[in-house]
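File shown here: query-v3.cif, holding mmCIF, C-alpha atoms.
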data_entry
#
loop_
_atom_site.group_PDB
_atom_site.id
_atom_site.type_symbol
_atom_site.label_atom_id
_atom_site.label_comp_id
_atom_site.auth_asym_id
_atom_site.auth_seq_id
_atom_site.Cartn_x
_atom_site.Cartn_y
_atom_site.Cartn_z
ATOM 1 C CA MET A 40 -3.476 -0.520 -13.376
ATOM 2 C CA VAL A 41 -1.658 1.261 -10.534
ATOM 3 C CA PRO A 42 1.165 -0.782 -8.948
ATOM 4 C CA VAL A 43 0.846 -1.489 -5.251
ATOM 5 C CA PRO A 44 3.806 -0.024 -3.334
ATOM 6 C CA GLU A 45 6.136 -2.386 -1.513
ATOM 7 C CA ALA A 46 6.161 -2.394 2.298
ATOM 8 C CA ASP A 47 9.263 -0.171 2.383
ATOM 9 C CA GLU A 48 7.898 2.355 -0.094
ATOM 10 C CA GLY A 49 5.279 5.043 0.079
ATOM 11 C CA GLY A 50 4.419 7.661 2.638
ATOM 12 C CA PRO A 51 4.146 7.493 6.388
ATOM 13 C CA GLU A 52 2.031 4.852 8.073
ATOM 14 C CA MET A 53 0.202 7.053 10.580
ATOM 15 C CA MET A 54 -1.660 5.440 13.462
ATOM 16 C CA SER A 55 -3.172 6.431 16.775
ATOM 17 C CA PHE A 56 -1.431 5.686 20.053
ATOM 18 C CA ARG A 57 -3.976 2.937 20.763
ATOM 19 C CA GLU A 58 -3.333 1.239 17.419
ATOM 20 C CA LEU A 59 0.428 1.745 17.806
ATOM 21 C CA ALA A 60 0.407 -0.031 21.184
ATOM 22 C CA ARG A 61 -1.583 -2.942 19.739
ATOM 23 C CA ARG A 62 0.684 -3.257 16.704
ATOM 24 C CA LEU A 63 3.955 -3.080 18.658
ATOM 25 C CA VAL A 64 2.791 -6.037 20.751
ATOM 26 C CA ALA A 65 1.418 -7.934 17.739
ATOM 27 C CA ASP A 66 4.704 -7.488 15.840
ATOM 28 C CA GLY A 67 6.706 -8.676 18.857
ATOM 29 C CA VAL A 68 8.605 -5.404 19.284
ATOM 30 C CA VAL A 69 7.608 -5.156 22.960
ATOM 31 C CA PRO A 70 5.968 -7.735 25.261
ATOM 32 C CA ARG A 71 3.241 -5.301 26.336
ATOM 33 C CA MET A 72 2.407 -1.641 25.837
ATOM 34 C CA SER A 73 -0.496 0.677 26.579
ATOM 35 C CA ASN A 74 -1.614 3.777 24.759
ATOM 36 C CA GLN A 75 -1.263 5.659 28.063
ATOM 37 C CA ARG A 76 2.441 4.738 28.233
ATOM 38 C CA ILE A 77 2.945 5.841 24.633
ATOM 39 C CA SER A 78 1.268 9.146 25.475
ATOM 40 C CA GLN A 79 3.576 9.578 28.478
ATOM 41 C CA LEU A 80 6.683 8.846 26.389
ATOM 42 C CA ALA A 81 5.516 11.287 23.708
ATOM 43 C CA ARG A 82 5.228 14.031 26.349
ATOM 44 C CA GLU A 83 8.422 13.300 28.292
ATOM 45 C CA ASP A 84 11.000 11.823 25.892
ATOM 46 C CA PRO A 85 12.588 14.345 23.504
ATOM 47 C CA ASN A 86 13.733 11.437 21.273
ATOM 48 C CA PHE A 87 10.156 10.243 20.662
ATOM 49 C CA PRO A 88 9.166 10.356 16.969
ATOM 50 C CA ALA A 89 7.144 13.326 15.719
ATOM 51 C CA VAL A 90 3.515 13.325 16.858
ATOM 52 C CA VAL A 91 0.758 14.719 14.628
ATOM 53 C CA GLN A 92 -2.615 15.793 15.959
ATOM 54 C CA ILE A 93 -5.520 14.590 13.827
ATOM 55 C CA GLY A 94 -8.737 16.002 15.226
ATOM 56 C CA ARG A 95 -8.646 15.162 18.920
ATOM 57 C CA ALA A 96 -6.370 12.156 18.472
ATOM 58 C CA HIS A 97 -2.583 12.006 18.323
ATOM 59 C CA ALA A 98 -0.897 9.937 15.643
ATOM 60 C CA VAL A 99 2.650 8.815 14.949
ATOM 61 C CA ASP A 100 4.335 7.217 11.939
ATOM 62 C CA TYR A 101 4.803 3.498 12.609
ATOM 63 C CA ARG A 102 7.937 3.452 10.449
ATOM 64 C CA ALA A 103 9.571 5.927 12.875
ATOM 65 C CA ALA A 104 8.055 4.495 16.068
ATOM 66 C CA ARG A 105 9.035 0.848 15.508
ATOM 67 C CA PRO A 106 12.826 1.469 15.565
ATOM 68 C CA TYR A 107 12.391 3.832 18.539
ATOM 69 C CA PHE A 108 10.664 1.136 20.616
ATOM 70 C CA ALA A 109 12.963 -1.655 19.371
ATOM 71 C CA ALA A 110 16.050 0.276 20.542
ATOM 72 C CA ARG A 111 14.497 1.525 23.775
ATOM 73 C CA LYS A 112 15.651 -0.180 26.984
ATOM 74 C CA SER A 113 12.792 -1.076 29.318
ATOM 75 C CA ARG A 114 13.296 -0.138 32.962
ATOM 76 C CA GLN A 115 10.197 -1.685 34.504
ATOM 77 C CA GLY A 116 10.134 -1.450 38.264
ATOM 78 C CA GLN A 117 13.320 0.597 38.450
ATOM 79 C CA ARG A 118 13.113 3.588 40.753
ATOM 80 C CA THR A 119 14.396 6.488 38.725
ATOM 81 C CA ASP A 120 13.827 8.979 41.544
ATOM 82 C CA LEU A 121 16.738 7.523 43.539
ATOM 83 C CA LYS A 122 19.341 8.038 40.820
ATOM 84 C CA PRO A 123 20.665 11.374 39.606
ATOM 85 C CA PRO A 124 19.606 12.279 36.070
ATOM 86 C CA PRO A 125 22.092 11.304 33.361
ATOM 87 C CA THR A 126 24.476 14.048 32.360
ATOM 88 C CA ALA A 127 25.453 14.832 28.803
ATOM 89 C CA GLU A 128 29.081 14.013 28.231
ATOM 90 C CA ALA A 129 30.970 16.342 25.940
#
Is it possible to give me this structure as structure tokens?
Amino acid sequence: MVPVPEADEGGPEMMSFRELARRLVADGVVPRMSNQRISQLAREDPNFPAVVQIGRAHAVDYRAARPYFAARKSRQGQRTDLKPPPTAEA
């Protein structure tokens, strides 16, 4: 009999952006999320976890995405075009 790995063991838990959005909300990480917003973050945020293309779909490891979204500060409704971009401090 092969032992079943614990939740913290094993390989990556790859899922599509649509499934990732659903799971982040179901796990209470974020109050709401759409797969379109995840796609936008994947394109624009250099800190977004690695994205893998599987066929025509994009997938990300949930074990890397969950901490990213848990630590991310939501700026809903904030106009980012009025503020200068943040500068890297040396």
query: From the set A:Ala104, A:Ala110, A:Ala60, A:Val90, which residue has the shortest atom-to-atom contact distance to A:Arg76, counting all atoms listed in the file?
result: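 Ranking A:Ala104, A:Ala110, A:Ala60, A:Val90 by distance to A:Arg76, first place goes to A:Ala60.
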message: What does the structure give for the distance between atom CA of A:Val68 and atom CA of A:Gln92, in Å to one decimal?
response: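 One can read the atom CA of A:Val68 to atom CA of A:Gln92 distance as 24.2 Å.
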- request: Mind giving me the straight-line distance from atom CA of A:Ala103 to atom CA of A:Met53 in Å, one decimal?
  value: 9.7 Å
task: Determine the residue membership of the PyMOL selection byres ((chain A and resi 63) around 10) for the file above and supply it as a PyMOL selection string.
output: chain A and resi 58-62+64-73+101+104-105+108-109
- request: For atom CA of A:Gln79 and atom CA of A:Gly50, determine how far apart the two atoms are, in Å to one decimal place.
  value: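 It comes out at 25.9 Å.
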task: Tell me, as a list in words, which residues lie within 8 Å of stretch 85-88 of chain A, counting only C-alpha atoms; anything in the same chain fewer than 4 positions away does not count.
output: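 What passes the distance filter is Leu80, Ala81, Val99, Asp100, Ala103, Ala104 and Tyr107 of chain A.
The smallest atom-to-atom distance between A:Glu52 and any of A:Arg102, A:Leu121, A:Ile93, A:Ser113, using all atoms listed in the file, is found for A:Arg102.
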- prompt: Care to translate the PyMOL selection byres ((chain A and resi 96) around 10) into actual residues of this file, as a PyMOL selection string?
  reply: chain A and resi 54-57+91-95+97-98
